[in-house]
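Notes follow the structure.
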Number of protein chains: 2
Amino acid sequence: MHIAVLQNQPHIGAVDANLAAVQSAVEDVAFDLLVLPELFATGYFFHDQSQVRRLGEQVPDGLTTRFLMELAATKKALVCGGLVEREGDRFYNSAVLVGPEGFIGCYRKLHLFYEEKLWFAPGDRPLEVYDWGTARIGMMVCYDWRFPEVARVLALKGAQVLLHPTNLVQPYCQDAMITRCLENRVFAVTANRVGSDTKPDGSSLTFTGRSQVVSPRGEVLCRTNVDDETVLTVDIDPGEADDKLVTEHNHLLSDRRPEYYDPVTGKQL
Amino acid sequence: MHIAVLQNQPHIGAVDANLAAVQSAVEDVAFDLLVLPELFATGYFFHDQSQVRRLGEQVPDGLTTRFLMELAATKKALVCGGLVEREGDRFYNSAVLVGPEGFIGCYRKLHLFYEEKLWFAPGDRPLEVYDWGTARIGMMVCYDWRFPEVARVLALKGAQVLLHPTNLVQPYCQDAMITRCLENRVFAVTANRVGSDTKPDGSSLTFTGRSQVVSPRGEVLCRTNVDDETVLTVDIDPGEADDKLVTEHNHLLSDRRPEYYDPVTGKQL
């Protein structure tokens with residue numbers, strides 16, 4: 001499976017220009033699966049709720065999901081990226097997965113970071129794994145990295161490859177994803193952005209780049225730097241994630257002791 | 001709180017000599033809390049069940065726990081280390097915590113690694129946190145690192161400092177413990193051994209050293225190398241682990257979404 005990871009620098013609110021930049025960046029790149037950053041077409045550090053409202057889109061009928069579906073159809077590939085999802089009066093920080101035949105699934109970020117809590121509702125749907133034949137795929141978004149339960153639940157549901165759109169502003173996640181891969185024996189594809197978002201009041205956030213793909217054995221298969229707009233590509237065999245035997249005596253998931261994992265009752269989680 | 005971490009090289013089965021070496025190594029070291037490796041007085045790579053049976057000790061009445069209690073009384077400190085615990089016909093890979101007034105608690109390793117499964121019964125008691133006034137302490141042993149649930153449960157039960165006796169043979173744990181600290185905002189004290197254990201059949205295991213103390217913000221406060229017998233010391237303030245605010249909007253534990261963490265039912269873990 002040929003994976004591409006796009007690291008971009010969107011301009012806040014400039015959806016058309018940001019989508020065109022993505023289109024251009026992947027024009028000559030072949031892939032079976034493309035992962036784009038969180039909120040890749042809108043920018044991240046929103047000014048107010050009215051801006052979020054203006055940028056919110058229905059899934060799968062909105063502009064960004066349709067763009068991704070067209071790209072997937074053209075490339076005959078899976079594509080995943082993050083967007084502002086609108087449903088009625090609620091907004092979610094979501095990631096969508098689409099394929100050559102159209103929409104596959106949408107994940108609403110469970111763990112909101114910083115001012116996202118001002119604009120978005122927290123995710124309200126279970127973590128899902130999509131069996132695409134060539135790979136069983138789970139999605140998580142950015143700050144979900146800090147909660148080991150997310151990757152764990154996806155792995156227990158059978159995910160081989162975690163797609164991980166991000167807009168990281170702290171330096172920890174990239175190395176922590178190595179731990180996520182080791183503790184679950186899965187691949188993780190982290191697509192981050194670069195540059196800064198600055199608000200009219202002068203406050204700003206700078207993003208940490210270093211998009212990467214990590215193997216089930218914790219190898220960083222590729223990682224870019226902190227400031228380039230770029231597309232990384234790498235070949236993986238998702239089936240490698242099915243080998244959970246750490247030693248001949250140790251199966252990573254069967255070795256779990258869930259009856260001891262509930263801090264409150266001591267009962268099974 | 002002045003913490004000491006001992007990295008030793010026990011000789012398999014030579015308990016008296018191994019205890020004497022520990023005694024000598026910490027003779028001139030002051031500490032409030034000392035952490036010793038897993039199976040620090042027996043060695044690790046056992047030849048057969050009869051050897052394990054011979055080395056097994058009751059807790060707290062056995063030789064090694066009594067040694068640790070004497071050391072704790074002399075140093076007016078807490079001491080934690082790993083041993084072969086015998087209870088009836090069952091053997092556990094355990095860690096004990098003792099203080100100046102005697103025995104405090106015993107943790108039976110929940111996740112056994114490799115041939116440990118031939119000799120030991122898996123842990124059969126809940127993860128516990130011991131409130132010592134100066135610090136709330138949890139214990140985990142070696143391969144438990146690979147199961148994020150262990151550190152998580154201890155953190156949810158209020159642990160500020162994770163004591164982590166190890167006999168690591170793989171290279172991953174030391175960096176993964178940085179993730180454990182970041183995802184729980186706790187301190188982790190990993191005491192590993194060095195050298196090799198070789199069986200009569202010539203098979204051997206080599207241990208990876210690099211004992212360390214990591215802060216709740218993922219800083220490696222100290223880390224030794226891969227081959228020295230040594231004692232590391234560092235001062236920590238366990239209270240730093242009580243600050244779970246990652247941002248003004250993000251409390252690391254309150255932000256959890258346990259209703260989405262059960263892979264089977266989607267109900268609360």
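Note on naming: chains are A, B, ... as they come in the structure tokens, residues start from 1 per chain, ligands start from 1 in the order shown.
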task: Write out as a ChimeraX atom specification all residues of segment 95-229 of chain B that backbone DSSP assigns to strand (DSSP E or B).
output: /B:95-99,102-108,129-131,136-139,161-165,187-191,196-198,204-206,212-214,220-223
Neighbour list for Leu205 of chain B as a PyMOL selection string, cut-off 7 Å, only C-alpha atoms, skip fewer than 6 positions in-chain: chain B and resi 169+196-198
Please identify every residue of chain A that has at least one atom no farther than 7 Å from an atom of chain B, counting only C-alpha atoms, and for each give the shortest atom pair and the distance in Å to one decimal, arranged by chain then increasing number, as a tab-separated table.
```
residue	atom	partner	partner_atom	distance
A:His111	CA	B:Asp255	CA	6.6
A:Phe113	CA	B:Asn250	CA	6.6
A:Tyr114	CA	B:His249	CA	5.1
A:Pro126	CA	B:Tyr260	CA	5.8
A:Arg146	CA	B:Glu183	CA	5.2
A:Phe147	CA	B:Glu183	CA	6.4
A:Pro148	CA	B:Pro148	CA	6.5
A:Glu149	CA	B:Tyr261	CA	6.0
A:Val153	CA	B:Pro263	CA	5.2
A:Leu156	CA	B:Pro263	CA	6.5
A:Lys157	CA	B:Pro263	CA	6.2
A:Ala176	CA	B:Thr179	CA	5.4
A:Thr179	CA	B:Ala176	CA	5.4
A:Glu183	CA	B:Arg146	CA	5.3
A:Thr247	CA	B:Tyr114	CA	6.2
A:His249	CA	B:Tyr114	CA	5.1
A:Asn250	CA	B:Tyr114	CA	6.3
A:Asp255	CA	B:His111	CA	6.6
A:Tyr260	CA	B:Pro126	CA	5.8
A:Tyr261	CA	B:Glu149	CA	6.0
A:Asp262	CA	B:Leu269	CA	6.7
A:Pro263	CA	B:Val153	CA	5.2
A:Gly266	CA	B:Pro126	CA	6.6
A:Leu269	CA	B:Leu269	CA	3.9
```
Generate a file of the selected residues that holds C-alpha atoms, formatted as a short mmCIF file (atom, residue, chain, number, x, y, z; two decimals), in the first residue's frame.
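Below is the file result.cif, written as the result:
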```cif
data_model
loop_
_atom_site.label_atom_id
_atom_site.label_comp_id
_atom_site.auth_asym_id
_atom_site.auth_seq_id
_atom_site.Cartn_x
_atom_site.Cartn_y
_atom_site.Cartn_z
CA HIS A 111 -10.69 15.03 22.82
CA PHE A 113 -7.69 20.85 22.61
CA TYR A 114 -7.48 24.39 23.95
CA PRO A 126 -17.97 5.53 18.76
CA ARG A 146 -2.50 11.94 24.41
CA PHE A 147 -5.24 9.47 25.38
CA PRO A 148 -3.92 5.94 24.92
CA GLU A 149 -7.47 4.65 24.97
CA VAL A 153 -9.79 0.88 21.14
CA LEU A 156 -8.87 -3.84 19.64
CA LYS A 157 -11.47 -3.24 16.93
CA ALA A 176 4.52 9.48 21.51
CA THR A 179 4.71 4.34 21.72
CA GLU A 183 1.79 -0.81 22.41
CA THR A 247 7.73 -13.10 21.71
CA HIS A 249 4.98 -16.34 24.67
CA ASN A 250 3.53 -12.86 24.28
CA ASP A 255 -1.81 -10.54 27.23
CA TYR A 260 -7.59 -5.16 36.42
CA TYR A 261 -8.01 -2.08 34.25
CA ASP A 262 -10.98 -0.47 35.92
CA PRO A 263 -9.69 1.98 38.53
CA GLY A 266 -11.66 -3.50 39.63
CA LEU A 269 -13.34 -2.33 31.52
#
```
message: Give me, as number ranges by chain, all polymer residues having an atom no more than 9 Å from segment 37-49 of chain B, counting only C-alpha atoms and skipping those fewer than 4 positions away in the same chain.
response: B: 5-19, 22, 53-55, 64, 80-84, 93-95, 115-116, 118-119, 141-142, 164-167, 190-193, 196-201, 204-205
- prompt: By how many Å are atom CA of Ala135 of chain B and atom CA of Ala77 of chain B apart?
  reply: 12.1 Å
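Residues of segment 134-268 of chain B assigned to alpha helix (DSSP H) by DSSP on this structure's backbone: Pro148, Glu149, Val150, Ala151, Arg152, Val153, Leu154, Ala155, Leu156, Cys173, Gln174, Asp175, Ala176, Met177, Ile178, Thr179, Arg180, Cys181, Leu182, Glu183 and Asn184 of chain B.
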message: I want to know what sits within 7 Å of segment 23-32 of chain B, based on only C-alpha atoms, with residues of the same chain fewer than 3 positions away left out; could you give that as a ChimeraX atom specification?
response: /B:1-4,19-20,77-78
field: Surrounding residues of Ile104 of chain A excluding itself and chain neighbours under 6 positions, 10 Å, only C-alpha atoms, as a PyMOL selection string
entry: chain A and resi 60+69+78-80+96-98+130+132
Mind writing the picked residues with all heavy atoms as an mmCIF file, in the first residue's frame?
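Listing of selection_23.cif after writing:
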```cif
data_model
loop_
_atom_site.group_PDB
_atom_site.id
_atom_site.type_symbol
_atom_site.label_atom_id
_atom_site.label_comp_id
_atom_site.auth_asym_id
_atom_site.auth_seq_id
_atom_site.Cartn_x
_atom_site.Cartn_y
_atom_site.Cartn_z
ATOM 1 N N PRO A 60 -21.673 14.205 4.086
ATOM 2 C CA PRO A 60 -20.628 14.362 3.063
ATOM 3 C C PRO A 60 -20.943 15.381 1.974
ATOM 4 O O PRO A 60 -20.251 15.396 0.952
ATOM 5 C CB PRO A 60 -20.589 12.951 2.456
ATOM 6 C CG PRO A 60 -22.014 12.480 2.498
ATOM 7 C CD PRO A 60 -22.617 13.114 3.729
ATOM 8 N N MET A 69 -13.604 13.580 -2.286
ATOM 9 C CA MET A 69 -14.172 12.455 -3.045
ATOM 10 C C MET A 69 -13.750 12.518 -4.520
ATOM 11 O O MET A 69 -13.463 11.497 -5.133
ATOM 12 C CB MET A 69 -15.694 12.430 -2.903
ATOM 13 C CG MET A 69 -16.125 12.024 -1.485
ATOM 14 S SD MET A 69 -17.888 11.633 -1.289
ATOM 15 C CE MET A 69 -18.622 13.253 -1.442
ATOM 16 N N LEU A 78 -7.802 5.948 -1.391
ATOM 17 C CA LEU A 78 -8.446 6.451 -0.190
ATOM 18 C C LEU A 78 -7.851 7.806 0.172
ATOM 19 O O LEU A 78 -6.650 8.025 -0.014
ATOM 20 C CB LEU A 78 -8.210 5.485 0.976
ATOM 21 C CG LEU A 78 -8.752 4.066 0.824
ATOM 22 C CD1 LEU A 78 -8.208 3.175 1.924
ATOM 23 C CD2 LEU A 78 -10.273 4.079 0.841
ATOM 24 N N VAL A 79 -8.695 8.696 0.682
ATOM 25 C CA VAL A 79 -8.209 9.995 1.123
ATOM 26 C C VAL A 79 -8.861 10.324 2.466
ATOM 27 O O VAL A 79 -10.066 10.106 2.652
ATOM 28 C CB VAL A 79 -8.536 11.108 0.103
ATOM 29 C CG1 VAL A 79 -7.999 12.453 0.599
ATOM 30 C CG2 VAL A 79 -7.947 10.784 -1.264
ATOM 31 N N CYS A 80 -8.046 10.841 3.385
ATOM 32 C CA CYS A 80 -8.530 11.232 4.714
ATOM 33 C C CYS A 80 -8.047 12.639 5.027
ATOM 34 O O CYS A 80 -6.882 12.969 4.771
ATOM 35 C CB CYS A 80 -7.989 10.249 5.754
ATOM 36 S SG CYS A 80 -8.259 10.728 7.471
ATOM 37 N N VAL A 96 -12.736 12.979 7.791
ATOM 38 C CA VAL A 96 -13.515 12.107 6.913
ATOM 39 C C VAL A 96 -12.579 11.169 6.159
ATOM 40 O O VAL A 96 -11.417 11.487 5.907
ATOM 41 C CB VAL A 96 -14.372 12.903 5.903
ATOM 42 C CG1 VAL A 96 -15.441 13.707 6.639
ATOM 43 C CG2 VAL A 96 -13.509 13.791 5.025
ATOM 44 N N LEU A 97 -13.128 9.998 5.826
ATOM 45 C CA LEU A 97 -12.433 9.032 4.992
ATOM 46 C C LEU A 97 -13.302 8.786 3.769
ATOM 47 O O LEU A 97 -14.492 8.485 3.906
ATOM 48 C CB LEU A 97 -12.215 7.730 5.754
ATOM 49 C CG LEU A 97 -11.531 6.588 4.987
ATOM 50 C CD1 LEU A 97 -10.082 6.951 4.645
ATOM 51 C CD2 LEU A 97 -11.569 5.292 5.804
ATOM 52 N N VAL A 98 -12.707 8.976 2.598
ATOM 53 C CA VAL A 98 -13.441 8.761 1.348
ATOM 54 C C VAL A 98 -12.621 7.863 0.431
ATOM 55 O O VAL A 98 -11.403 7.722 0.600
ATOM 56 C CB VAL A 98 -13.746 10.104 0.633
ATOM 57 C CG1 VAL A 98 -14.527 11.032 1.553
ATOM 58 C CG2 VAL A 98 -12.453 10.755 0.147
ATOM 59 N N TYR A 130 -12.749 0.828 9.622
ATOM 60 C CA TYR A 130 -13.284 0.602 8.280
ATOM 61 C C TYR A 130 -12.424 -0.435 7.575
ATOM 62 O O TYR A 130 -11.225 -0.232 7.392
ATOM 63 C CB TYR A 130 -13.304 1.924 7.502
ATOM 64 C CG TYR A 130 -14.124 2.975 8.215
ATOM 65 C CD1 TYR A 130 -13.521 3.874 9.092
ATOM 66 C CD2 TYR A 130 -15.505 3.029 8.051
ATOM 67 C CE1 TYR A 130 -14.275 4.814 9.784
ATOM 68 C CE2 TYR A 130 -16.269 3.970 8.737
ATOM 69 C CZ TYR A 130 -15.650 4.858 9.599
ATOM 70 O OH TYR A 130 -16.399 5.784 10.283
ATOM 71 N N TRP A 132 -11.313 -1.909 4.474
ATOM 72 C CA TRP A 132 -11.282 -1.521 3.075
ATOM 73 C C TRP A 132 -10.710 -2.632 2.174
ATOM 74 O O TRP A 132 -10.379 -2.413 1.016
ATOM 75 C CB TRP A 132 -10.474 -0.231 2.912
ATOM 76 C CG TRP A 132 -10.615 0.332 1.545
ATOM 77 C CD1 TRP A 132 -9.642 0.411 0.578
ATOM 78 C CD2 TRP A 132 -11.799 0.838 0.946
ATOM 79 N NE1 TRP A 132 -10.148 0.949 -0.566
ATOM 80 C CE2 TRP A 132 -11.474 1.216 -0.375
ATOM 81 C CE3 TRP A 132 -13.115 1.012 1.404
ATOM 82 C CZ2 TRP A 132 -12.423 1.761 -1.248
ATOM 83 C CZ3 TRP A 132 -14.049 1.540 0.536
ATOM 84 C CH2 TRP A 132 -13.696 1.907 -0.773
#
```
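Using only C-alpha atoms, the contacts of Ile236 of chain A at a cut-off of 10 Å, with sequence neighbours closer than 4 positions omitted, comprise Met1, His2, Ile3, Val161, Phe187, Val213, Val214, Ser215, Leu221 and Glu240 of chain A.
The residue that comes closest to Arg223 of chain B, out of B:Val189, B:Gly99, B:Asp235, B:Phe207 and on the basis of only C-alpha atoms, is B:Val189.
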